>>> print(open('protein_20.cif').read())   # mmCIF, N, CA and C atoms
data_start
#
loop_
_atom_site.label_atom_id
_atom_site.label_comp_id
_atom_site.auth_asym_id
_atom_site.auth_seq_id
_atom_site.Cartn_x
_atom_site.Cartn_y
_atom_site.Cartn_z
N LEU E 1 111.97 123.16 91.52
CA LEU E 1 111.18 122.85 92.70
C LEU E 1 112.06 122.09 93.67
N SER E 2 112.31 122.66 94.81
CA SER E 2 113.14 121.97 95.79
C SER E 2 112.25 121.37 96.87
N ILE E 3 112.37 120.07 97.03
CA ILE E 3 111.58 119.34 98.02
C ILE E 3 112.55 118.71 98.99
N GLU E 4 112.33 118.97 100.26
CA GLU E 4 113.19 118.42 101.29
C GLU E 4 112.52 117.22 101.93
N GLU E 5 113.24 116.12 102.01
CA GLU E 5 112.72 114.91 102.63
C GLU E 5 112.80 115.05 104.15
N VAL E 6 111.70 114.73 104.82
CA VAL E 6 111.67 114.76 106.27
C VAL E 6 111.33 113.36 106.74
N ILE E 7 112.20 112.78 107.52
CA ILE E 7 112.00 111.42 108.01
C ILE E 7 111.35 111.50 109.39
N SER E 8 110.23 110.81 109.54
CA SER E 8 109.54 110.82 110.83
C SER E 8 110.01 109.62 111.66
N ALA E 9 109.89 109.74 112.93
CA ALA E 9 110.28 108.67 113.84
C ALA E 9 109.32 107.49 113.70
N PRO E 10 109.80 106.27 113.89
CA PRO E 10 108.91 105.11 113.84
C PRO E 10 107.84 105.20 114.92
N ARG E 11 106.64 104.74 114.61
CA ARG E 11 105.51 104.71 115.54
C ARG E 11 105.18 106.09 116.09
N SER E 12 105.22 107.08 115.20
CA SER E 12 104.91 108.46 115.58
C SER E 12 103.86 109.03 114.64
N PRO E 13 102.59 108.61 114.77
CA PRO E 13 101.57 109.05 113.82
C PRO E 13 101.33 110.55 113.84
N TRP E 14 101.62 111.22 114.93
CA TRP E 14 101.41 112.67 115.01
C TRP E 14 102.38 113.43 114.12
N GLN E 15 103.45 112.77 113.66
CA GLN E 15 104.42 113.44 112.79
C GLN E 15 104.01 113.39 111.32
N SER E 16 103.06 112.54 110.98
CA SER E 16 102.60 112.45 109.59
C SER E 16 101.08 112.25 109.57
N PRO E 17 100.33 113.26 110.00
CA PRO E 17 98.88 113.07 110.16
C PRO E 17 98.12 112.81 108.85
N TYR E 18 98.56 113.41 107.74
CA TYR E 18 97.85 113.22 106.48
C TYR E 18 98.01 111.80 105.97
N VAL E 19 99.20 111.28 106.09
CA VAL E 19 99.45 109.90 105.67
C VAL E 19 98.67 108.94 106.57
N GLU E 20 98.72 109.18 107.86
CA GLU E 20 98.00 108.33 108.80
C GLU E 20 96.50 108.35 108.53
N ARG E 21 95.97 109.51 108.16
CA ARG E 21 94.54 109.64 107.89
C ARG E 21 94.13 108.79 106.69
N ILE E 22 94.88 108.88 105.58
CA ILE E 22 94.49 108.11 104.38
C ILE E 22 94.71 106.62 104.60
N LEU E 23 95.79 106.25 105.30
CA LEU E 23 96.01 104.83 105.56
C LEU E 23 94.92 104.27 106.47
N GLY E 24 94.52 105.04 107.48
CA GLY E 24 93.44 104.59 108.35
C GLY E 24 92.13 104.46 107.60
N SER E 25 91.83 105.42 106.72
CA SER E 25 90.59 105.34 105.92
C SER E 25 90.62 104.13 105.02
N MET E 26 91.76 103.87 104.37
CA MET E 26 91.86 102.70 103.49
C MET E 26 91.63 101.41 104.28
N ARG E 27 92.23 101.34 105.45
CA ARG E 27 92.08 100.13 106.26
C ARG E 27 90.64 99.96 106.73
N ARG E 28 90.07 101.02 107.33
CA ARG E 28 88.71 100.93 107.89
C ARG E 28 87.64 100.73 106.83
N GLU E 29 87.74 101.44 105.71
CA GLU E 29 86.67 101.42 104.71
C GLU E 29 86.84 100.33 103.66
N CYS E 30 88.04 99.78 103.55
CA CYS E 30 88.28 98.85 102.45
C CYS E 30 88.89 97.53 102.93
N LEU E 31 90.08 97.59 103.49
CA LEU E 31 90.84 96.38 103.76
C LEU E 31 90.31 95.54 104.91
N ASP E 32 89.53 96.13 105.81
CA ASP E 32 88.96 95.35 106.90
C ASP E 32 87.87 94.39 106.42
N TYR E 33 87.42 94.54 105.18
CA TYR E 33 86.29 93.77 104.68
C TYR E 33 86.65 92.76 103.60
N VAL E 34 87.93 92.63 103.28
CA VAL E 34 88.33 91.71 102.22
C VAL E 34 89.48 90.83 102.70
N ILE E 35 89.64 89.71 102.07
CA ILE E 35 90.80 88.85 102.29
C ILE E 35 91.67 89.00 101.05
N VAL E 36 92.87 89.50 101.23
CA VAL E 36 93.78 89.74 100.12
C VAL E 36 94.49 88.43 99.77
N ILE E 37 94.45 88.07 98.49
CA ILE E 37 95.04 86.82 98.03
C ILE E 37 96.53 86.97 97.75
N ASP E 38 96.89 87.98 96.98
CA ASP E 38 98.29 88.21 96.64
C ASP E 38 98.51 89.69 96.33
N GLU E 39 99.71 90.05 95.95
CA GLU E 39 100.05 91.46 95.71
C GLU E 39 99.21 92.06 94.58
N ARG E 40 99.03 91.31 93.50
CA ARG E 40 98.23 91.81 92.37
C ARG E 40 96.79 92.09 92.80
N HIS E 41 96.24 91.21 93.61
CA HIS E 41 94.88 91.39 94.12
C HIS E 41 94.81 92.64 95.00
N LEU E 42 95.80 92.85 95.87
CA LEU E 42 95.85 94.03 96.73
C LEU E 42 95.92 95.30 95.90
N LYS E 43 96.75 95.30 94.86
CA LYS E 43 96.87 96.49 93.99
C LYS E 43 95.55 96.80 93.32
N ARG E 44 94.83 95.78 92.86
CA ARG E 44 93.53 95.99 92.21
C ARG E 44 92.50 96.54 93.21
N ILE E 45 92.49 95.99 94.42
CA ILE E 45 91.56 96.47 95.44
C ILE E 45 91.84 97.93 95.77
N LEU E 46 93.13 98.27 95.97
CA LEU E 46 93.48 99.65 96.31
C LEU E 46 93.22 100.61 95.16
N ALA E 47 93.43 100.16 93.92
CA ALA E 47 93.13 101.02 92.76
C ALA E 47 91.63 101.32 92.70
N GLU E 48 90.81 100.30 92.95
CA GLU E 48 89.35 100.51 92.96
C GLU E 48 88.94 101.43 94.12
N TYR E 49 89.57 101.27 95.27
CA TYR E 49 89.25 102.13 96.41
C TYR E 49 89.63 103.58 96.11
N LEU E 50 90.80 103.80 95.54
CA LEU E 50 91.21 105.17 95.21
C LEU E 50 90.30 105.79 94.17
N ASP E 51 89.83 105.00 93.22
CA ASP E 51 88.87 105.50 92.24
C ASP E 51 87.59 105.93 92.95
N TYR E 52 87.11 105.09 93.87
CA TYR E 52 85.94 105.43 94.68
C TYR E 52 86.21 106.68 95.52
N TYR E 53 87.37 106.75 96.15
CA TYR E 53 87.73 107.85 97.05
C TYR E 53 87.70 109.19 96.32
N HIS E 54 88.18 109.22 95.09
CA HIS E 54 88.25 110.47 94.33
C HIS E 54 86.99 110.79 93.55
N HIS E 55 86.21 109.79 93.16
CA HIS E 55 85.06 110.04 92.30
C HIS E 55 83.71 109.97 92.98
N ALA E 56 83.59 109.22 94.08
CA ALA E 56 82.26 109.01 94.66
C ALA E 56 82.17 109.34 96.14
N ARG E 57 83.22 109.11 96.89
CA ARG E 57 83.16 109.29 98.35
C ARG E 57 83.06 110.77 98.69
N THR E 58 82.10 111.10 99.56
CA THR E 58 81.95 112.49 99.98
C THR E 58 82.86 112.77 101.18
N HIS E 59 83.24 114.03 101.32
CA HIS E 59 84.14 114.44 102.40
C HIS E 59 83.50 115.60 103.16
N LEU E 60 83.41 115.47 104.46
CA LEU E 60 82.79 116.52 105.28
C LEU E 60 83.51 117.85 105.12
N SER E 61 84.83 117.83 105.04
CA SER E 61 85.59 119.08 104.93
C SER E 61 85.39 119.77 103.59
N LEU E 62 84.81 119.08 102.63
CA LEU E 62 84.55 119.66 101.31
C LEU E 62 83.06 119.91 101.09
N ASP E 63 82.32 120.12 102.16
CA ASP E 63 80.87 120.33 102.08
C ASP E 63 80.16 119.16 101.41
N ARG E 64 80.60 117.97 101.77
CA ARG E 64 80.03 116.73 101.25
C ARG E 64 80.16 116.59 99.73
N LEU E 65 81.22 117.13 99.18
CA LEU E 65 81.54 116.93 97.77
C LEU E 65 82.61 115.86 97.66
N CYS E 66 82.73 115.24 96.49
CA CYS E 66 83.85 114.34 96.28
C CYS E 66 85.06 115.16 95.82
N VAL E 67 86.22 114.57 95.90
CA VAL E 67 87.46 115.30 95.63
C VAL E 67 87.47 115.93 94.24
N LEU E 68 87.03 115.21 93.23
CA LEU E 68 87.09 115.73 91.87
C LEU E 68 85.97 116.70 91.54
N ALA E 69 85.04 116.92 92.47
CA ALA E 69 83.96 117.87 92.24
C ALA E 69 84.22 119.22 92.89
N ILE E 70 85.43 119.41 93.42
CA ILE E 70 85.76 120.67 94.09
C ILE E 70 85.90 121.77 93.05
N PRO E 71 85.24 122.90 93.26
CA PRO E 71 85.45 124.02 92.35
C PRO E 71 86.88 124.53 92.46
N TRP E 72 87.49 124.87 91.33
CA TRP E 72 88.89 125.32 91.32
C TRP E 72 89.09 126.56 92.16
N GLU E 73 88.05 127.38 92.31
CA GLU E 73 88.18 128.58 93.13
C GLU E 73 88.50 128.21 94.58
N TRP E 74 87.93 127.11 95.07
CA TRP E 74 88.19 126.68 96.44
C TRP E 74 89.65 126.29 96.61
N VAL E 75 90.17 125.59 95.64
CA VAL E 75 91.56 125.14 95.72
C VAL E 75 92.47 126.34 95.79
N THR E 76 92.23 127.33 94.95
CA THR E 76 93.06 128.52 94.93
C THR E 76 92.98 129.28 96.25
N LEU E 77 91.77 129.50 96.76
CA LEU E 77 91.61 130.21 98.02
C LEU E 77 92.23 129.44 99.18
N ALA E 78 92.04 128.13 99.19
CA ALA E 78 92.61 127.32 100.27
C ALA E 78 94.13 127.36 100.20
N SER E 79 94.69 127.29 99.00
CA SER E 79 96.14 127.33 98.85
C SER E 79 96.70 128.66 99.30
N ILE E 80 96.03 129.74 98.94
CA ILE E 80 96.51 131.07 99.32
C ILE E 80 96.44 131.24 100.84
N SER E 81 95.33 130.83 101.46
CA SER E 81 95.21 130.98 102.91
C SER E 81 96.24 130.10 103.63
N TRP E 82 96.51 128.91 103.10
CA TRP E 82 97.51 128.03 103.71
C TRP E 82 98.89 128.66 103.61
N LEU E 83 99.23 129.19 102.44
CA LEU E 83 100.53 129.83 102.26
C LEU E 83 100.70 131.03 103.19
N MET E 84 99.62 131.83 103.33
CA MET E 84 99.71 132.98 104.22
C MET E 84 99.90 132.54 105.67
N LYS E 85 99.19 131.47 106.06
CA LYS E 85 99.33 130.97 107.42
C LYS E 85 100.75 130.46 107.67
N MET E 86 101.31 129.75 106.69
CA MET E 86 102.65 129.20 106.84
C MET E 86 103.71 130.31 106.88
N SER E 87 103.51 131.36 106.10
CA SER E 87 104.52 132.43 106.07
C SER E 87 104.46 133.27 107.33
N ALA E 88 103.32 133.26 108.03
CA ALA E 88 103.19 134.04 109.26
C ALA E 88 103.88 133.38 110.45
N GLN E 89 104.19 132.10 110.31
CA GLN E 89 104.80 131.37 111.43
C GLN E 89 106.27 131.67 111.58
#
>>> encode(input="protein_20.cif", output="structure tokens")
Amino acid sequence: LSIEEVISAPRSPWQSPYVERILGSMRRECLDYVIVIDERHLKRILAEYLDYYHHARTHLSLDRLCVLAIPWEWVTLASISWLMKMSAQ
């Protein structure tokens, strides 16, 4: 598996939209409501948020399902359509 590292310019959120989306969600839904004491506390808060994000939080793009409730058929079809779109470019 060959993975190429792509470095984005500083302060360029349009170059990494997926990362910006999850960081914004973490900040808005979690970190704006707590006072972080230390690094260990932050790690525990983020671990709990990620558990919530994958097991309980609904996503509009997934027909209001949580991430772990996605039928495998959807993943396969989405992956195939994405690959076809990318190869057409």
>>> closest_residue(input="protein_20.cif", among="E:Val19, E:Leu31, E:Ile7, E:Cys66", to="E:Arg44", atoms="only C-alpha atoms")
E:Leu31
>>> atom_distance(input="protein_20.cif", atom1="atom CA of E:Thr58", atom2="atom C of E:Met26")
15.3 Å
>>> resolve_selection(input="protein_20.cif", expression="the PyMOL selection byres (((chain E and resi 30 and name CA) around 12) and name CA)", output="number ranges by chain")
E: 22-29, 31-36, 42, 44-50, 52-53
>>> atom_distance(input="protein_20.cif", atom1="atom CA of E:Ser16", atom2="atom CA of E:His54")
21.0 Å
>>> decode(input="protein_20.cif", residues="stretch 7-40 of chain E", atoms="N, CA, C and O atoms", output="short mmCIF file (atom, residue, chain, number, x, y, z; two decimals), in the first residue's frame")
data_model
loop_
_atom_site.label_atom_id
_atom_site.label_comp_id
_atom_site.auth_asym_id
_atom_site.auth_seq_id
_atom_site.Cartn_x
_atom_site.Cartn_y
_atom_site.Cartn_z
N ILE E 7 1.30 17.77 2.21
CA ILE E 7 1.37 18.80 3.23
C ILE E 7 0.53 19.99 2.78
O ILE E 7 0.71 20.50 1.67
N SER E 8 -0.40 20.40 3.63
CA SER E 8 -1.24 21.54 3.28
C SER E 8 -0.62 22.82 3.84
O SER E 8 0.14 22.80 4.81
N ALA E 9 -0.96 23.91 3.24
CA ALA E 9 -0.44 25.20 3.67
C ALA E 9 -1.05 25.58 5.02
O ALA E 9 -2.21 25.24 5.30
N PRO E 10 -0.31 26.30 5.86
CA PRO E 10 -0.88 26.74 7.13
C PRO E 10 -2.08 27.65 6.91
O PRO E 10 -2.12 28.43 5.95
N ARG E 11 -3.07 27.54 7.78
CA ARG E 11 -4.29 28.36 7.75
C ARG E 11 -5.02 28.24 6.42
O ARG E 11 -5.48 29.22 5.85
N SER E 12 -5.10 27.01 5.92
CA SER E 12 -5.80 26.74 4.66
C SER E 12 -6.80 25.61 4.86
O SER E 12 -6.58 24.49 4.43
N PRO E 13 -7.93 25.89 5.54
CA PRO E 13 -8.88 24.82 5.85
C PRO E 13 -9.48 24.17 4.61
O PRO E 13 -9.90 23.01 4.67
N TRP E 14 -9.53 24.86 3.49
CA TRP E 14 -10.10 24.29 2.27
C TRP E 14 -9.23 23.17 1.71
O TRP E 14 -9.68 22.40 0.89
N GLN E 15 -7.98 23.07 2.17
CA GLN E 15 -7.09 22.02 1.67
C GLN E 15 -7.25 20.72 2.45
O GLN E 15 -6.77 19.68 2.01
N SER E 16 -7.90 20.76 3.59
CA SER E 16 -8.12 19.55 4.38
C SER E 16 -9.51 19.58 5.00
O SER E 16 -9.67 19.67 6.21
N PRO E 17 -10.55 19.51 4.17
CA PRO E 17 -11.92 19.70 4.68
C PRO E 17 -12.38 18.62 5.66
O PRO E 17 -13.14 18.92 6.58
N TYR E 18 -11.95 17.37 5.48
CA TYR E 18 -12.41 16.30 6.37
C TYR E 18 -11.82 16.48 7.77
O TYR E 18 -12.52 16.30 8.77
N VAL E 19 -10.57 16.85 7.83
CA VAL E 19 -9.93 17.08 9.12
C VAL E 19 -10.57 18.29 9.79
O VAL E 19 -10.87 18.26 10.99
N GLU E 20 -10.77 19.35 9.03
CA GLU E 20 -11.38 20.56 9.58
C GLU E 20 -12.79 20.27 10.11
O GLU E 20 -13.20 20.80 11.13
N ARG E 21 -13.53 19.41 9.41
CA ARG E 21 -14.90 19.08 9.83
C ARG E 21 -14.90 18.37 11.18
O ARG E 21 -15.66 18.73 12.09
N ILE E 22 -14.05 17.35 11.35
CA ILE E 22 -14.05 16.61 12.62
C ILE E 22 -13.50 17.47 13.75
O ILE E 22 -14.02 17.43 14.87
N LEU E 23 -12.48 18.28 13.47
CA LEU E 23 -11.95 19.15 14.53
C LEU E 23 -12.99 20.18 14.94
O LEU E 23 -13.14 20.47 16.13
N GLY E 24 -13.72 20.74 13.97
CA GLY E 24 -14.77 21.69 14.30
C GLY E 24 -15.88 21.05 15.11
O GLY E 24 -16.38 21.64 16.07
N SER E 25 -16.27 19.83 14.73
CA SER E 25 -17.32 19.12 15.49
C SER E 25 -16.86 18.85 16.90
O SER E 25 -17.63 19.03 17.85
N MET E 26 -15.62 18.41 17.07
CA MET E 26 -15.09 18.14 18.41
C MET E 26 -15.11 19.41 19.26
O MET E 26 -15.50 19.38 20.43
N ARG E 27 -14.70 20.51 18.67
CA ARG E 27 -14.66 21.76 19.42
C ARG E 27 -16.06 22.22 19.77
O ARG E 27 -16.35 22.52 20.93
N ARG E 28 -16.96 22.28 18.78
CA ARG E 28 -18.32 22.79 19.01
C ARG E 28 -19.14 21.90 19.93
O ARG E 28 -19.88 22.38 20.78
N GLU E 29 -19.06 20.59 19.75
CA GLU E 29 -19.93 19.67 20.49
C GLU E 29 -19.34 19.22 21.82
O GLU E 29 -20.07 18.70 22.65
N CYS E 30 -18.04 19.39 22.00
CA CYS E 30 -17.42 18.82 23.20
C CYS E 30 -16.58 19.85 23.96
O CYS E 30 -16.87 20.18 25.10
N LEU E 31 -15.54 20.35 23.33
CA LEU E 31 -14.55 21.14 24.05
C LEU E 31 -15.02 22.54 24.44
O LEU E 31 -14.45 23.14 25.35
N ASP E 32 -16.04 23.06 23.78
CA ASP E 32 -16.56 24.38 24.16
C ASP E 32 -17.30 24.34 25.50
O ASP E 32 -17.59 25.38 26.06
N TYR E 33 -17.58 23.15 26.02
CA TYR E 33 -18.40 23.01 27.22
C TYR E 33 -17.64 22.49 28.43
O TYR E 33 -18.25 22.26 29.47
N VAL E 34 -16.34 22.30 28.31
CA VAL E 34 -15.58 21.77 29.44
C VAL E 34 -14.33 22.61 29.66
O VAL E 34 -13.86 23.31 28.76
N ILE E 35 -13.80 22.54 30.85
CA ILE E 35 -12.51 23.14 31.16
C ILE E 35 -11.53 21.99 31.31
O ILE E 35 -11.70 21.13 32.17
N VAL E 36 -10.53 21.96 30.45
CA VAL E 36 -9.56 20.87 30.45
C VAL E 36 -8.50 21.15 31.51
O VAL E 36 -7.91 22.24 31.55
N ILE E 37 -8.27 20.16 32.37
CA ILE E 37 -7.33 20.31 33.48
C ILE E 37 -5.89 20.04 33.04
O ILE E 37 -5.00 20.82 33.29
N ASP E 38 -5.69 18.91 32.39
CA ASP E 38 -4.35 18.53 31.93
C ASP E 38 -4.46 17.61 30.72
O ASP E 38 -5.57 17.34 30.22
N GLU E 39 -3.35 17.13 30.22
CA GLU E 39 -3.34 16.30 29.01
C GLU E 39 -4.12 15.01 29.20
O GLU E 39 -4.86 14.58 28.31
N ARG E 40 -3.96 14.36 30.35
CA ARG E 40 -4.68 13.11 30.62
C ARG E 40 -6.19 13.33 30.61
O ARG E 40 -6.95 12.55 30.06
#
